[in-house]
file structure_31.txt (compact mmCIF, C-alpha atoms and all ligand atoms)
# COMPACT_ATOMS: atom_id res chain seq x y z
CA MET G 1 6.59 19.08 36.53
CA GLN G 2 5.38 21.18 33.61
CA VAL G 3 7.58 24.09 32.51
CA ALA G 4 6.32 27.42 31.13
CA PRO G 5 9.17 29.70 29.97
CA SER G 6 8.26 33.38 30.41
CA ILE G 7 8.88 35.24 27.17
CA LEU G 8 9.49 38.42 29.18
CA SER G 9 13.13 37.29 29.32
CA ALA G 10 13.33 36.42 25.59
CA ASP G 11 15.29 38.48 23.07
CA PHE G 12 12.51 40.52 21.38
CA GLY G 13 14.85 41.29 18.48
CA LYS G 14 14.47 37.68 17.41
CA LEU G 15 11.22 36.65 19.05
CA ASN G 16 10.21 34.12 16.36
CA GLU G 17 13.46 32.19 16.82
CA GLU G 18 13.10 32.32 20.60
CA ILE G 19 9.55 30.91 20.48
CA LYS G 20 10.63 28.15 18.11
CA ALA G 21 13.61 27.30 20.35
CA ILE G 22 11.53 26.86 23.53
CA CYS G 23 8.83 24.87 21.70
CA ASP G 24 11.41 22.60 20.06
CA GLY G 25 13.23 22.51 23.41
CA GLY G 26 10.24 20.71 24.94
CA CYS G 27 8.46 23.35 27.03
CA ASP G 28 4.90 22.52 28.12
CA LEU G 29 3.37 26.02 27.99
CA ILE G 30 4.44 29.51 26.91
CA HIS G 31 4.02 32.05 29.71
CA VAL G 32 2.95 35.53 28.56
CA ASP G 33 3.28 38.33 31.14
CA VAL G 34 0.83 41.17 30.53
CA MET G 35 1.51 44.35 32.58
CA ASP G 36 -0.45 47.59 32.35
CA GLY G 37 1.78 50.10 34.19
CA HIS G 38 -0.92 50.55 36.87
CA PHE G 39 -1.28 47.31 38.81
CA VAL G 40 2.48 46.81 38.47
CA PRO G 41 5.18 49.41 37.72
CA ASN G 42 6.03 48.03 34.27
CA MET G 43 4.40 47.65 30.86
CA THR G 44 4.81 44.69 28.54
CA LEU G 45 2.92 42.84 25.89
CA GLY G 46 -0.33 43.50 24.08
CA PRO G 47 -2.03 41.39 21.42
CA VAL G 48 -0.07 43.14 18.62
CA VAL G 49 3.07 41.35 19.84
CA VAL G 50 1.45 38.20 21.21
CA ASN G 51 -0.66 37.48 18.10
CA PRO G 52 2.34 36.48 15.91
CA VAL G 53 3.67 34.47 18.86
CA ALA G 54 0.36 32.56 19.08
CA LYS G 55 0.52 31.87 15.34
CA ILE G 56 3.94 30.19 15.38
CA ALA G 57 3.75 28.60 18.85
CA THR G 58 3.35 24.82 18.89
CA LYS G 59 2.66 24.88 22.66
CA PRO G 60 -0.34 26.43 24.43
CA LEU G 61 -0.24 29.97 25.84
CA ASP G 62 -0.45 30.69 29.56
CA VAL G 63 -1.49 34.37 29.82
CA HIS G 64 -0.66 36.02 33.17
CA LEU G 65 -2.54 39.30 33.59
CA MET G 66 -0.98 41.88 35.93
CA VAL G 67 -3.53 44.61 35.26
CA GLU G 68 -6.28 46.64 36.91
CA ASN G 69 -8.99 46.21 34.29
CA ASN G 70 -9.10 42.42 34.04
CA THR G 71 -12.29 42.17 31.97
CA PHE G 72 -10.87 44.44 29.26
CA PHE G 73 -7.69 42.34 28.99
CA VAL G 74 -9.56 39.02 29.06
CA GLU G 75 -11.60 40.21 26.06
CA LEU G 76 -8.42 41.46 24.33
CA PHE G 77 -6.55 38.16 24.68
CA ALA G 78 -9.42 35.67 24.29
CA PRO G 79 -9.24 35.66 20.42
CA LEU G 80 -5.67 34.31 20.72
CA LYS G 81 -7.19 31.18 22.26
CA PRO G 82 -4.80 30.74 25.20
CA GLU G 83 -5.02 27.57 27.29
CA TYR G 84 -5.07 29.59 30.55
CA ILE G 85 -5.80 33.17 31.54
CA SER G 86 -4.79 34.04 35.08
CA PHE G 87 -5.69 37.22 36.94
CA HIS G 88 -4.62 38.60 40.34
CA ILE G 89 -7.05 38.24 43.24
CA GLU G 90 -5.67 41.60 44.52
CA SER G 91 -6.93 43.48 41.45
CA GLU G 92 -10.41 42.01 41.03
CA LYS G 93 -13.57 42.95 42.93
CA HIS G 94 -15.68 40.17 41.43
CA PRO G 95 -13.40 37.18 40.91
CA HIS G 96 -16.23 34.62 40.79
CA ARG G 97 -17.95 36.50 37.98
CA LEU G 98 -14.70 36.87 36.01
CA ILE G 99 -13.95 33.15 36.35
CA GLN G 100 -17.33 32.37 34.76
CA LYS G 101 -16.61 34.82 31.95
CA ILE G 102 -13.23 33.23 31.18
CA LYS G 103 -14.86 29.77 31.16
CA SER G 104 -17.62 30.98 28.84
CA LEU G 105 -14.89 31.95 26.34
CA GLY G 106 -13.59 28.36 26.35
CA ILE G 107 -10.43 29.25 28.31
CA LYS G 108 -9.21 27.69 31.57
CA PRO G 109 -9.36 30.23 34.43
CA ALA G 110 -6.55 30.65 36.97
CA ILE G 111 -6.11 33.01 39.92
CA VAL G 112 -2.79 34.54 40.97
CA LEU G 113 -1.78 35.25 44.58
CA ASN G 114 0.85 37.86 45.39
CA PRO G 115 3.39 36.93 48.11
CA HIS G 116 1.18 38.36 50.92
CA SER G 117 -2.14 36.78 49.86
CA THR G 118 -3.30 33.62 51.59
CA PRO G 119 -4.59 30.39 50.02
CA GLU G 120 -7.61 30.61 52.35
CA SER G 121 -8.68 33.84 50.61
CA ILE G 122 -9.60 31.83 47.50
CA GLU G 123 -10.87 28.63 49.16
CA TYR G 124 -14.43 29.11 47.90
CA LEU G 125 -13.26 29.77 44.33
CA LEU G 126 -11.19 26.60 44.02
CA GLU G 127 -13.97 24.41 42.66
CA ASP G 128 -14.24 26.70 39.62
CA LEU G 129 -10.52 27.03 38.91
CA ASP G 130 -8.19 24.99 36.70
CA MET G 131 -5.05 26.46 38.26
CA VAL G 132 -3.77 28.71 41.05
CA LEU G 133 -0.57 30.67 40.37
CA LEU G 134 1.53 31.53 43.43
CA MET G 135 3.93 34.44 42.92
CA SER G 136 7.36 33.72 44.36
CA VAL G 137 8.49 37.29 43.60
CA ASN G 138 6.66 40.62 43.58
CA PRO G 139 5.05 40.91 40.16
CA GLY G 140 6.42 43.37 37.61
CA PHE G 141 9.87 42.18 36.59
CA GLY G 142 11.84 39.11 35.59
CA GLY G 143 15.13 38.14 37.18
CA GLN G 144 14.18 38.63 40.85
CA LYS G 145 15.10 36.51 43.86
CA PHE G 146 12.84 33.60 44.86
CA ILE G 147 10.79 34.21 48.06
CA PRO G 148 11.04 30.92 50.01
CA SER G 149 7.75 31.27 51.98
CA VAL G 150 5.97 30.18 48.80
CA ILE G 151 6.93 26.59 49.66
CA GLU G 152 4.83 26.59 52.85
CA LYS G 153 2.04 28.39 50.99
CA ALA G 154 2.01 25.75 48.24
CA LYS G 155 1.67 23.00 50.87
CA LYS G 156 -1.29 24.79 52.50
CA LEU G 157 -2.90 25.37 49.12
CA LYS G 158 -2.43 21.72 48.20
CA GLU G 159 -4.43 20.68 51.30
CA LEU G 160 -7.30 23.00 50.30
CA ILE G 161 -7.16 21.78 46.71
CA ASN G 162 -7.33 18.14 47.84
CA LYS G 163 -10.46 19.03 49.80
CA ARG G 164 -12.22 21.26 47.22
CA ASN G 165 -10.99 20.34 43.72
CA PRO G 166 -8.12 17.84 43.32
CA ALA G 167 -7.93 18.52 39.56
CA CYS G 168 -6.81 22.12 40.14
CA LEU G 169 -3.10 22.66 39.38
CA ILE G 170 -0.58 24.75 41.34
CA GLU G 171 1.79 26.97 39.37
CA VAL G 172 4.70 28.97 40.83
CA ASP G 173 6.16 32.05 39.13
CA GLY G 174 9.35 33.95 39.88
CA GLY G 175 12.98 33.09 40.57
CA VAL G 176 12.55 29.42 39.71
CA ASN G 177 15.74 27.53 38.86
CA ASP G 178 17.42 24.13 39.17
CA LYS G 179 18.24 24.83 42.86
CA ASN G 180 14.65 25.27 44.13
CA ILE G 181 12.82 22.99 41.70
CA HIS G 182 12.94 19.88 43.94
CA GLN G 183 11.52 21.78 46.93
CA LEU G 184 8.69 23.00 44.69
CA LYS G 185 8.02 19.50 43.45
CA ASP G 186 7.92 18.15 47.02
CA ALA G 187 5.45 20.90 48.01
CA GLY G 188 2.97 19.68 45.39
CA VAL G 189 3.62 22.22 42.63
CA ASP G 190 2.58 21.07 39.12
CA VAL G 191 3.78 23.88 36.83
CA VAL G 192 6.68 26.32 37.08
CA VAL G 193 7.28 29.53 35.18
CA ALA G 194 10.93 30.23 34.39
CA GLY G 195 12.11 33.31 32.53
CA SER G 196 15.68 34.31 33.29
CA TYR G 197 16.70 30.73 34.11
CA VAL G 198 15.65 29.35 30.70
CA PHE G 199 16.55 32.33 28.49
CA GLY G 200 19.76 32.98 30.43
CA ASN G 201 20.97 29.48 29.64
CA GLU G 202 22.87 28.76 26.40
CA ASP G 203 20.93 25.54 25.88
CA TYR G 204 17.18 26.21 26.35
CA SER G 205 16.29 22.55 25.95
CA LYS G 206 18.73 21.51 28.68
CA ALA G 207 17.42 24.23 31.02
CA ILE G 208 13.78 23.21 30.42
CA LYS G 209 14.57 19.53 30.99
CA SER G 210 16.40 20.30 34.23
CA LEU G 211 13.09 21.67 35.60
CA GLN G 212 10.89 18.80 34.33
CA VAL G 213 11.49 16.76 37.49
O1 LIG K 1 5.18 37.36 36.23
C1 LIG K 1 6.38 37.48 36.28
C2 LIG K 1 7.00 38.73 36.84
O2 LIG K 1 6.02 39.60 37.22
C3 LIG K 1 7.21 36.37 35.84
O3 LIG K 1 6.54 35.51 34.93
C4 LIG K 1 8.64 36.60 35.50
O4 LIG K 1 8.80 37.07 34.18
C5 LIG K 1 9.44 35.34 35.70
O5 LIG K 1 10.77 35.64 35.45
P1 LIG K 1 11.95 34.96 36.30
O6 LIG K 1 11.75 35.33 37.73
O7 LIG K 1 11.83 33.47 36.06
O8 LIG K 1 13.17 35.56 35.70
CO CO K 2 4.30 35.67 35.14

call {"tool": "encode", "arguments": {"input": "structure_31.txt", "output": "structure tokens"}}
result
Amino acid sequence: MQVAPSILSADFGKLNEEIKAICDGGCDLIHVDVMDGHFVPNMTLGPVVVNPVAKIATKPLDVHLMVENNTFFVELFAPLKPEYISFHIESEKHPHRLIQKIKSLGIKPAIVLNPHSTPESIEYLLEDLDMVLLMSVNPGFGGQKFIPSVIEKAKKLKELINKRNPACLIEVDGGVNDKNIHQLKDAGVDVVVAGSYVFGNEDYSKAIKSLQV
């Protein structure tokens, strides 16, 4: 299991130290939550903050867009050369076109599903995706309670992925901790995002390793 700590839960008063600690602590990716105050009722990080993060990070960035104008934000974050950019299926009228745009920028495209969205809704996009991110909370905030139906959804998605594009990864985001990690692993999940669990732990390295099952 790969682990992507969400920097939303980091201490922004000492962001450099926090980034260094999770990279040295053995994380696989750095999850960057981008919220525009329209698609979700919160606002977070723009390139002004994420640029210095990208400069000191020794692990690749996983940019999670929670915005209405996806194309604008893809163009804004592309110069930071993230490994992945994910966007919500619920906020995009032309997901196939946007996937091609992200690919053309040399970035791996991923699609995010809110708790109500079905894996079948993206079946015909799977062959063009590197990852699907399943939300296990409603997007907008860290520290929320895990929604257990994501386990069944991950299993269904895994079947579709096996049929359409076995190389596509499944990522789960929200309320992940050492209690639900084995269920997620058994459901076929490849990557987990963990914000409050990692940054709420005194020993980041220990917390990250406890999820790398
Ligand atoms: O995208 C989001 C929230 O919208 C997440 O990435 C959270 O920031 C994860 O935080 P925890 O639920 O792990 O505290
Ligand atoms: Co996220």

call {"tool": "atom_distance", "arguments": {"input": "structure_31.txt", "atom1": "CA of Asp190 in chain G", "atom2": "CA of Cys27 in chain G"}}
result
13.6 Å

call {"tool": "residues_near_ligand", "arguments": {"input": "structure_31.txt", "ligand": "ligand LIG 1 (chain K)", "cutoff": "10 Å", "atoms": "only C-alpha atoms and all ligand atoms", "output": "number ranges by chain"}}
result
G: 4-10, 31-35, 40-42, 63-66, 112, 114, 133-146, 172-177, 192-200

call {"tool": "residues_around", "arguments": {"input": "structure_31.txt", "residues": "Pro166 in chain G", "least_positions_apart": "5", "cutoff": "10 Å", "atoms": "only C-alpha atoms", "output": "list in words"}}
result
Leu126, Glu127, Asp130, Lys158, Glu159, Leu160 and Ile161 of chain G

call {"tool": "residues_around", "arguments": {"input": "structure_31.txt", "residues": "Leu113 in chain G", "least_positions_apart": "2", "cutoff": "8 Å", "atoms": "all atoms listed in the file", "output": "list in words"}}
result
His88, Ile89, Glu90, Ile111, Pro115, His116, Ser117, Thr118, Pro119, Val132, Leu133, Leu134 and Met135 of chain G

call {"tool": "atom_distance", "arguments": {"input": "structure_31.txt", "atom1": "CA of Met1 in chain G", "atom2": "CA of Phe87 in chain G"}}
result
21.9 Å

call {"tool": "closest_residue", "arguments": {"input": "structure_31.txt", "among": "G:Gln100, G:Ile208, G:Leu157, G:Glu75", "to": "Asp178 in chain G", "atoms": "all atoms listed in the file"}}
result
G:Ile208

call {"tool": "closest_residue", "arguments": {"input": "structure_31.txt", "among": "G:Ser86, G:Asn70, G:Asn180, G:Ser91", "to": "Ile107 in chain G", "atoms": "all atoms listed in the file"}}
result
G:Ser86

call {"tool": "closest_residue", "arguments": {"input": "structure_31.txt", "among": "G:Asp128, G:Lys14, G:Thr71, G:Leu80", "to": "Gly46 in chain G", "atoms": "all atoms listed in the file"}}
result
G:Leu80
